[in-house]
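One file, data-v9.cif, is given below (mmCIF, C-alpha atoms).
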```cif
data_my_file
#
loop_
_atom_site.group_PDB
_atom_site.id
_atom_site.type_symbol
_atom_site.label_atom_id
_atom_site.label_comp_id
_atom_site.auth_asym_id
_atom_site.auth_seq_id
_atom_site.Cartn_x
_atom_site.Cartn_y
_atom_site.Cartn_z
ATOM 1 C CA MET A 297 17.909 -10.035 33.804
ATOM 2 C CA THR A 298 17.458 -11.066 30.170
ATOM 3 C CA LYS A 299 18.545 -8.497 27.609
ATOM 4 C CA GLN A 300 16.121 -8.035 24.706
ATOM 5 C CA ILE A 301 17.636 -7.356 21.275
ATOM 6 C CA LYS A 302 15.498 -6.822 18.212
ATOM 7 C CA ILE A 303 17.341 -7.093 14.896
ATOM 8 C CA LEU A 304 15.482 -5.156 12.191
ATOM 9 C CA ILE A 305 16.320 -6.273 8.649
ATOM 10 C CA GLY A 306 16.189 -4.167 5.480
ATOM 11 C CA THR A 307 17.226 -6.250 2.473
ATOM 12 C CA MET A 308 16.810 -6.712 -1.275
ATOM 13 C CA THR A 309 19.012 -9.715 -2.022
ATOM 14 C CA GLY A 310 19.143 -11.417 1.380
ATOM 15 C CA ASN A 311 22.627 -10.349 2.506
ATOM 16 C CA ALA A 312 21.306 -8.313 5.445
ATOM 17 C CA GLN A 313 19.074 -11.259 6.346
ATOM 18 C CA LEU A 314 22.133 -13.540 6.484
ATOM 19 C CA VAL A 315 23.875 -11.059 8.774
ATOM 20 C CA GLY A 316 20.831 -10.897 11.040
ATOM 21 C CA GLN A 317 20.556 -14.682 11.213
ATOM 22 C CA GLU A 318 24.255 -15.046 12.060
ATOM 23 C CA LEU A 319 23.962 -12.496 14.849
ATOM 24 C CA GLU A 320 20.781 -14.094 16.172
ATOM 25 C CA LEU A 321 22.637 -17.412 16.466
ATOM 26 C CA ARG A 322 25.545 -15.724 18.257
ATOM 27 C CA PHE A 323 23.420 -13.602 20.601
ATOM 28 C CA ASP A 324 20.606 -15.972 21.549
ATOM 29 C CA GLY A 325 21.029 -17.475 24.987
ATOM 30 C CA GLU A 326 23.419 -16.374 27.702
ATOM 31 C CA GLY A 327 20.957 -13.830 29.080
ATOM 32 C CA ILE A 328 19.957 -12.445 25.688
ATOM 33 C CA GLN A 329 16.644 -12.908 23.916
ATOM 34 C CA VAL A 330 16.742 -12.062 20.210
ATOM 35 C CA ASP A 331 13.961 -11.375 17.723
ATOM 36 C CA THR A 332 14.913 -10.906 14.059
ATOM 37 C CA LEU A 333 12.245 -9.046 12.107
ATOM 38 C CA ASP A 334 11.966 -8.049 8.450
ATOM 39 C CA MET A 335 11.173 -4.349 8.139
ATOM 40 C CA ASP A 336 8.302 -4.898 5.711
ATOM 41 C CA LYS A 337 6.168 -6.128 8.625
ATOM 42 C CA LEU A 338 7.047 -3.281 11.018
ATOM 43 C CA THR A 339 5.359 -0.153 12.283
ATOM 44 C CA ILE A 340 6.875 2.484 14.537
ATOM 45 C CA ASP A 341 5.125 0.755 17.448
ATOM 46 C CA ILE A 342 8.023 -1.749 17.420
ATOM 47 C CA PHE A 343 10.098 0.707 19.442
ATOM 48 C CA HIS A 344 9.866 -0.014 23.175
ATOM 49 C CA PRO A 345 12.523 1.053 25.678
ATOM 50 C CA ASP A 346 12.738 -2.483 27.102
ATOM 51 C CA SER A 347 14.659 -3.603 23.980
ATOM 52 C CA ILE A 348 17.891 -2.641 22.267
ATOM 53 C CA PHE A 349 17.573 -2.426 18.498
ATOM 54 C CA LEU A 350 20.074 -3.448 15.861
ATOM 55 C CA ILE A 351 19.296 -2.087 12.404
ATOM 56 C CA CYS A 352 20.850 -4.192 9.659
ATOM 57 C CA THR A 353 20.207 -2.805 6.206
ATOM 58 C CA SER A 354 21.634 -2.783 2.740
ATOM 59 C CA THR A 355 21.652 0.135 0.312
ATOM 60 C CA TYR A 356 19.864 -0.049 -3.004
ATOM 61 C CA GLY A 357 19.611 2.082 -6.132
ATOM 62 C CA GLN A 358 20.801 5.650 -5.658
ATOM 63 C CA GLY A 359 21.505 5.300 -1.924
ATOM 64 C CA ASP A 360 17.992 4.234 -1.007
ATOM 65 C CA VAL A 361 16.818 1.894 1.697
ATOM 66 C CA PRO A 362 15.727 -1.530 0.404
ATOM 67 C CA ASP A 363 12.160 -1.986 -0.856
ATOM 68 C CA ASN A 364 11.113 -3.910 2.248
ATOM 69 C CA ALA A 365 12.247 -0.972 4.452
ATOM 70 C CA ARG A 366 10.640 1.894 2.499
ATOM 71 C CA ASP A 367 7.296 1.989 4.314
ATOM 72 C CA PHE A 368 8.988 1.726 7.711
ATOM 73 C CA MET A 369 11.406 4.540 6.813
ATOM 74 C CA ALA A 370 8.526 6.675 5.517
ATOM 75 C CA ALA A 371 6.576 6.127 8.762
ATOM 76 C CA LEU A 372 9.587 7.197 10.836
ATOM 77 C CA THR A 373 10.262 10.228 8.647
ATOM 78 C CA GLU A 374 6.651 11.405 8.514
ATOM 79 C CA SER A 375 5.539 10.766 12.102
ATOM 80 C CA LYS A 376 8.848 11.606 13.866
ATOM 81 C CA PRO A 377 8.001 9.548 16.982
ATOM 82 C CA ASP A 378 9.637 10.386 20.310
ATOM 83 C CA LEU A 379 12.387 7.770 20.585
ATOM 84 C CA LYS A 380 14.424 9.404 23.375
ATOM 85 C CA LYS A 381 14.454 6.180 25.409
ATOM 86 C CA ILE A 382 15.485 4.007 22.462
ATOM 87 C CA ARG A 383 19.021 2.638 22.079
ATOM 88 C CA TYR A 384 20.247 1.088 18.822
ATOM 89 C CA GLY A 385 23.191 -0.182 16.839
ATOM 90 C CA LEU A 386 23.583 -0.076 13.089
ATOM 91 C CA ILE A 387 25.052 -2.334 10.431
ATOM 92 C CA ALA A 388 25.063 -0.777 6.954
ATOM 93 C CA LEU A 389 25.845 -2.857 3.884
ATOM 94 C CA GLY A 390 27.098 -1.113 0.770
ATOM 95 C CA ASP A 391 29.650 -1.128 -2.014
ATOM 96 C CA ARG A 392 32.464 1.414 -1.978
ATOM 97 C CA THR A 393 32.572 1.439 -5.798
ATOM 98 C CA TYR A 394 29.404 3.572 -5.443
ATOM 99 C CA ALA A 395 31.328 6.172 -3.437
ATOM 100 C CA GLU A 396 28.672 8.892 -3.465
ATOM 101 C CA THR A 397 25.994 6.623 -1.956
ATOM 102 C CA TYR A 398 28.138 4.146 0.020
ATOM 103 C CA CYS A 399 26.073 2.649 2.875
ATOM 104 C CA PHE A 400 23.436 5.384 2.535
ATOM 105 C CA GLY A 401 20.610 2.967 3.418
ATOM 106 C CA GLY A 402 22.092 2.615 6.884
ATOM 107 C CA LYS A 403 23.084 6.274 7.110
ATOM 108 C CA ARG A 404 19.490 7.285 6.361
ATOM 109 C CA PHE A 405 18.235 5.130 9.242
ATOM 110 C CA ASP A 406 20.892 6.582 11.534
ATOM 111 C CA ASP A 407 19.862 10.137 10.611
ATOM 112 C CA VAL A 408 16.130 9.624 11.139
ATOM 113 C CA LEU A 409 16.558 7.686 14.395
ATOM 114 C CA GLN A 410 18.779 10.435 15.800
ATOM 115 C CA GLU A 411 16.310 13.106 14.649
ATOM 116 C CA CYS A 412 13.683 11.226 16.682
ATOM 117 C CA GLY A 413 15.931 11.275 19.746
ATOM 118 C CA ALA A 414 17.213 7.676 19.734
ATOM 119 C CA GLU A 415 20.748 7.052 20.959
ATOM 120 C CA ARG A 416 23.163 4.997 18.880
ATOM 121 C CA ILE A 417 25.383 2.604 20.796
ATOM 122 C CA GLY A 418 28.870 2.468 19.278
ATOM 123 C CA ASP A 419 29.991 3.182 15.755
ATOM 124 C CA ILE A 420 28.182 2.107 12.611
ATOM 125 C CA LEU A 421 29.591 -1.023 10.999
ATOM 126 C CA MET A 422 29.840 -0.220 7.298
ATOM 127 C CA HIS A 423 30.537 -3.336 5.257
ATOM 128 C CA ASP A 424 31.997 -2.905 1.781
ATOM 129 C CA ALA A 425 30.775 -5.593 -0.623
ATOM 130 C CA SER A 426 33.809 -4.986 -2.846
ATOM 131 C CA SER A 427 36.235 -5.766 0.028
ATOM 132 C CA GLY A 428 36.068 -9.529 -0.442
ATOM 133 C CA THR A 429 35.024 -10.130 3.184
ATOM 134 C CA MET A 430 31.749 -11.777 4.120
ATOM 135 C CA PRO A 431 29.359 -9.316 5.809
ATOM 136 C CA GLU A 432 28.155 -11.872 8.348
ATOM 137 C CA GLU A 433 31.742 -12.603 9.457
ATOM 138 C CA GLU A 434 32.607 -8.925 9.780
ATOM 139 C CA ALA A 435 29.349 -8.316 11.671
ATOM 140 C CA ALA A 436 30.065 -11.202 14.037
ATOM 141 C CA ASP A 437 33.466 -9.699 14.911
ATOM 142 C CA TRP A 438 31.981 -6.190 15.325
ATOM 143 C CA SER A 439 29.086 -7.469 17.431
ATOM 144 C CA GLU A 440 31.322 -8.632 20.282
ATOM 145 C CA GLY A 441 32.437 -5.078 21.018
ATOM 146 C CA TRP A 442 28.921 -3.777 20.432
ATOM 147 C CA LEU A 443 27.470 -6.199 22.978
ATOM 148 C CA ASP A 444 30.070 -5.036 25.510
ATOM 149 C CA LEU A 445 28.934 -1.449 24.931
ATOM 150 C CA CYS A 446 25.290 -2.521 25.337
ATOM 151 C CA ASP A 447 26.159 -4.019 28.718
ATOM 152 C CA ARG A 448 27.363 -0.585 29.834
ATOM 153 C CA VAL A 449 24.207 1.206 28.712
ATOM 154 C CA SER A 450 21.387 1.283 31.207
ATOM 155 C CA LEU A 451 18.001 0.976 29.576
ATOM 156 C CA ASP A 452 16.524 2.866 32.532
ATOM 157 C CA ASP A 453 18.256 6.171 31.709
#
```
Output the file's structure in the form of C-alpha coordinates.
Amino acid sequence: MTKQIKILIGTMTGNAQLVGQELELRFDGEGIQVDTLDMDKLTIDIFHPDSIFLICTSTYGQGDVPDNARDFMAALTESKPDLKKIRYGLIALGDRTYAETYCFGGKRFDDVLQECGAERIGDILMHDASSGTMPEEEAADWSEGWLDLCDRVSLDD
(Lines of atoms letter the chains of each structure in order from A and count residues from 1; the text may use other names and numbers.)
(Lines give C-alpha, C1' and ligand atoms only; values in the text may rest on other atoms or scores of the structure.)
Protein backbone atom coordinates (compact mmCIF):
# COMPACT_ATOMS: atom_id res chain seq x y z
CA MET A 1 0.00 0.00 0.00
CA THR A 2 1.34 3.44 -0.93
CA LYS A 3 1.88 5.81 1.98
CA GLN A 4 0.66 9.36 1.37
CA ILE A 5 2.73 12.19 2.88
CA LYS A 6 1.76 15.81 2.48
CA ILE A 7 4.51 18.31 3.30
CA LEU A 8 2.99 21.68 4.24
CA ILE A 9 5.38 24.61 3.86
CA GLY A 10 5.35 27.88 5.80
CA THR A 11 8.19 30.13 4.64
CA MET A 12 9.32 33.73 4.23
CA THR A 13 12.78 33.38 2.70
CA GLY A 14 12.54 29.94 1.10
CA ASN A 15 14.51 27.89 3.65
CA ALA A 16 11.49 25.79 4.64
CA GLN A 17 10.75 25.31 0.94
CA LEU A 18 14.27 23.93 0.41
CA VAL A 19 13.76 21.52 3.30
CA GLY A 20 10.44 20.37 1.85
CA GLN A 21 11.93 19.85 -1.60
CA GLU A 22 14.84 17.83 -0.18
CA LEU A 23 12.46 15.61 1.76
CA GLU A 24 10.17 15.19 -1.24
CA LEU A 25 13.15 13.93 -3.27
CA ARG A 26 14.13 11.51 -0.48
CA PHE A 27 10.61 10.24 0.23
CA ASP A 28 9.10 9.96 -3.25
CA GLY A 29 9.00 6.42 -4.54
CA GLU A 30 9.52 3.23 -2.57
CA GLY A 31 5.86 3.02 -1.61
CA ILE A 32 5.53 6.70 -0.70
CA GLN A 33 3.64 9.36 -2.60
CA VAL A 34 4.56 12.92 -1.62
CA ASP A 35 2.80 16.22 -2.22
CA THR A 36 4.59 19.42 -1.16
CA LEU A 37 2.20 22.33 -0.71
CA ASP A 38 2.73 25.97 0.22
CA MET A 39 0.45 26.96 3.09
CA ASP A 40 -0.82 30.09 1.36
CA LYS A 41 -2.97 27.88 -0.90
CA LEU A 42 -4.39 25.69 1.89
CA THR A 43 -7.66 25.41 3.75
CA ILE A 44 -8.42 23.12 6.67
CA ASP A 45 -10.01 20.73 4.16
CA ILE A 46 -6.46 19.54 3.36
CA PHE A 47 -6.60 17.27 6.40
CA HIS A 48 -7.70 13.75 5.46
CA PRO A 49 -6.87 10.67 7.54
CA ASP A 50 -5.52 8.85 4.47
CA SER A 51 -2.37 11.04 4.58
CA ILE A 52 0.39 11.73 7.07
CA PHE A 53 1.30 15.40 7.31
CA LEU A 54 4.70 16.96 7.75
CA ILE A 55 4.59 20.62 8.75
CA CYS A 56 7.77 22.46 7.80
CA THR A 57 7.75 26.08 8.89
CA SER A 58 10.07 28.89 9.78
CA THR A 59 9.53 31.51 12.47
CA TYR A 60 9.27 35.17 11.62
CA GLY A 61 9.12 38.45 13.53
CA GLN A 62 8.25 38.05 17.20
CA GLY A 63 7.74 34.27 17.04
CA ASP A 64 5.06 34.40 14.37
CA VAL A 65 4.29 31.95 11.61
CA PRO A 66 5.44 33.11 8.16
CA ASP A 67 3.17 35.38 6.11
CA ASN A 68 2.17 32.57 3.76
CA ALA A 69 0.98 30.48 6.76
CA ARG A 70 -1.02 33.17 8.60
CA ASP A 71 -4.41 32.54 6.97
CA PHE A 72 -4.04 28.77 7.38
CA MET A 73 -3.09 29.18 11.05
CA ALA A 74 -6.00 31.57 11.60
CA ALA A 75 -8.43 29.08 10.02
CA LEU A 76 -7.17 26.29 12.29
CA THR A 77 -7.31 28.49 15.38
CA GLU A 78 -10.76 29.91 14.68
CA SER A 79 -12.58 26.81 13.40
CA LYS A 80 -10.86 24.20 15.63
CA PRO A 81 -11.63 21.30 13.26
CA ASP A 82 -11.81 17.74 14.60
CA LEU A 83 -8.43 16.30 13.62
CA LYS A 84 -8.47 13.22 15.89
CA LYS A 85 -7.61 10.92 12.97
CA ILE A 86 -4.76 13.10 11.72
CA ARG A 87 -1.10 12.17 12.24
CA TYR A 88 1.72 14.66 11.65
CA GLY A 89 5.39 15.44 12.06
CA LEU A 90 6.92 18.85 12.54
CA ILE A 91 10.07 20.62 11.41
CA ALA A 92 10.52 24.07 12.96
CA LEU A 93 13.16 26.46 11.68
CA GLY A 94 14.41 29.20 13.97
CA ASP A 95 17.44 31.00 15.34
CA ARG A 96 18.53 30.37 18.91
CA THR A 97 19.89 33.93 19.19
CA TYR A 98 16.18 34.86 19.51
CA ALA A 99 15.86 32.67 22.60
CA GLU A 100 12.43 33.86 23.71
CA THR A 101 10.80 33.03 20.36
CA TYR A 102 13.05 30.19 19.12
CA CYS A 103 11.10 27.99 16.66
CA PHE A 104 7.78 29.47 17.80
CA GLY A 105 6.31 29.26 14.28
CA GLY A 106 6.52 25.48 14.50
CA LYS A 107 5.54 25.39 18.17
CA ARG A 108 2.38 27.36 17.37
CA PHE A 109 1.40 24.79 14.73
CA ASP A 110 2.12 21.96 17.15
CA ASP A 111 -0.08 23.58 19.82
CA VAL A 112 -3.07 24.21 17.55
CA LEU A 113 -2.90 20.78 15.88
CA GLN A 114 -2.85 19.08 19.28
CA GLU A 115 -5.73 21.26 20.49
CA CYS A 116 -7.68 19.97 17.48
CA GLY A 117 -6.89 16.37 18.44
CA ALA A 118 -4.15 15.55 15.91
CA GLU A 119 -1.39 13.20 17.00
CA ARG A 120 2.25 14.14 16.47
CA ILE A 121 4.54 11.35 15.34
CA GLY A 122 7.96 11.65 16.98
CA ASP A 123 9.73 14.69 18.33
CA ILE A 124 9.81 18.10 16.69
CA LEU A 125 12.97 18.79 14.71
CA MET A 126 14.04 22.29 15.73
CA HIS A 127 16.76 23.62 13.44
CA ASP A 128 18.91 26.47 14.71
CA ALA A 129 19.99 28.80 11.90
CA SER A 130 22.92 30.00 14.00
CA SER A 131 24.31 26.43 14.34
CA GLY A 132 26.09 26.48 10.99
CA THR A 133 24.31 23.33 9.77
CA MET A 134 22.09 23.30 6.70
CA PRO A 135 18.42 22.76 7.62
CA GLU A 136 17.78 20.46 4.67
CA GLU A 137 20.68 18.19 5.69
CA GLU A 138 19.55 18.04 9.31
CA ALA A 139 15.97 17.37 8.18
CA ALA A 140 17.11 14.58 5.87
CA ASP A 141 18.89 12.85 8.77
CA TRP A 142 15.90 13.35 11.11
CA SER A 143 13.42 12.14 8.49
CA GLU A 144 14.84 8.61 8.39
CA GLY A 145 13.83 7.98 12.00
CA TRP A 146 10.55 9.81 11.48
CA LEU A 147 9.64 7.59 8.53
CA ASP A 148 10.37 4.52 10.66
CA LEU A 149 7.96 5.85 13.29
CA CYS A 150 5.35 6.50 10.57
CA ASP A 151 5.62 2.87 9.50
CA ARG A 152 4.62 1.84 13.03
CA VAL A 153 1.58 4.11 13.14
CA SER A 154 -1.60 2.67 11.71
CA LEU A 155 -3.67 5.25 9.90
CA ASP A 156 -6.76 3.17 10.69
CA ASP A 157 -6.62 3.78 14.46
Please identify all polymer residues within 12 Å of Gly357 of chain A, counting all atoms listed in the file, omitting same-chain residues fewer than 5 positions from it, and present them as an MDAnalysis selection string. chainID A and resid 308 362:363 390:391 394 396:401
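Considering the residues A:Phe343, A:Leu389, A:Lys376, A:Asp336 and counting all atoms listed in the file, Thr429 of chain A has its shortest atom-to-atom contact with A:Leu389.
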What's around Lys380 of chain A at 9 Å? Count only C-alpha atoms, leave out sequence neighbours fewer than 5 positions away in its own chain, and write the answer as a PyMOL selection string. chain A and resi 345+410+412-415
I'd like the interatomic distance between atom CA of Met335 of chain A and atom CA of Phe368 of chain A, to a tenth of an Å.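 Interatomic distance, atom CA of Met335 of chain A to atom CA of Phe368 of chain A: 6.5 Å.
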Please, what distance in Å, to one decimal, runs between atom CA of Gly359 of chain A and atom CA of Glu318 of chain A? 24.8 Å
Within 10 Å of (8.5, 7.6, 11.1) (coordinates as in the file), grab all the protein and nucleic acid residues, counting all atoms listed in the file, and write them out as a PyMOL selection string. chain A and resi 339-341+367-378+408-409+412
With C-alpha atoms retained, could you export that selection as a PDB file, keeping the file's coordinate frame?
```
ATOM      1  CA  THR A 339       5.359  -0.153  12.283  1.00  0.00           C
ATOM      2  CA  ILE A 340       6.875   2.484  14.537  1.00  0.00           C
ATOM      3  CA  ASP A 341       5.125   0.755  17.448  1.00  0.00           C
ATOM      4  CA  ASP A 367       7.296   1.989   4.314  1.00  0.00           C
ATOM      5  CA  PHE A 368       8.988   1.726   7.711  1.00  0.00           C
ATOM      6  CA  MET A 369      11.406   4.540   6.813  1.00  0.00           C
ATOM      7  CA  ALA A 370       8.526   6.675   5.517  1.00  0.00           C
ATOM      8  CA  ALA A 371       6.576   6.127   8.762  1.00  0.00           C
ATOM      9  CA  LEU A 372       9.587   7.197  10.836  1.00  0.00           C
ATOM     10  CA  THR A 373      10.262  10.228   8.647  1.00  0.00           C
ATOM     11  CA  GLU A 374       6.651  11.405   8.514  1.00  0.00           C
ATOM     12  CA  SER A 375       5.539  10.766  12.102  1.00  0.00           C
ATOM     13  CA  LYS A 376       8.848  11.606  13.866  1.00  0.00           C
ATOM     14  CA  PRO A 377       8.001   9.548  16.982  1.00  0.00           C
ATOM     15  CA  ASP A 378       9.637  10.386  20.310  1.00  0.00           C
ATOM     16  CA  VAL A 408      16.130   9.624  11.139  1.00  0.00           C
ATOM     17  CA  LEU A 409      16.558   7.686  14.395  1.00  0.00           C
ATOM     18  CA  CYS A 412      13.683  11.226  16.682  1.00  0.00           C
TER      19      CYS A 412
END
```
Spatial neighbours of Val361 of chain A, max dist 8 Å, all atoms listed in the file, sep filter under 3 positions, as a PyMOL selection string: chain A and resi 306+353-356+365-366+369+400-402+404
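Nearest to Asp424 of chain A of all the residues A:Gln358, A:Asn311, A:Ser439, A:Thr393 is A:Thr393, based on all atoms listed in the file.
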Using all atoms listed in the file, collect all residues at a distance of at most 6 Å from (26.5, 0.3, 18.9) as written in the file, then present them as a PDB file with C-alpha atoms, in the coordinates of the input.
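And here's point-v8.pdb as it stands now:
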```
ATOM      1  CA  GLY A 385      23.191  -0.182  16.839  1.00  0.00           C
ATOM      2  CA  ARG A 416      23.163   4.997  18.880  1.00  0.00           C
ATOM      3  CA  ILE A 417      25.383   2.604  20.796  1.00  0.00           C
ATOM      4  CA  GLY A 418      28.870   2.468  19.278  1.00  0.00           C
ATOM      5  CA  ASP A 419      29.991   3.182  15.755  1.00  0.00           C
ATOM      6  CA  TRP A 442      28.921  -3.777  20.432  1.00  0.00           C
TER       7      TRP A 442
END
```
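Run against this file, the PyMOL selection byres ((chain A and resi 443-450) around 10) gives back Lys299, Ile301, Phe323, Ile348, Arg383, Tyr384, Gly385, Ile417, Gly418, Trp438, Ser439, Glu440, Gly441, Trp442, Leu451, Asp452 and Asp453 of chain A.
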Between atom CA of His423 of chain A and atom CA of His344 of chain A, what distance in Å does the model show, to one decimal? 27.6 Å
Counting all atoms listed in the file, which residue out of A:Leu319, A:Ala395, A:Leu304, A:Ile420 sits closest to Asp407 of chain A? A:Ile420
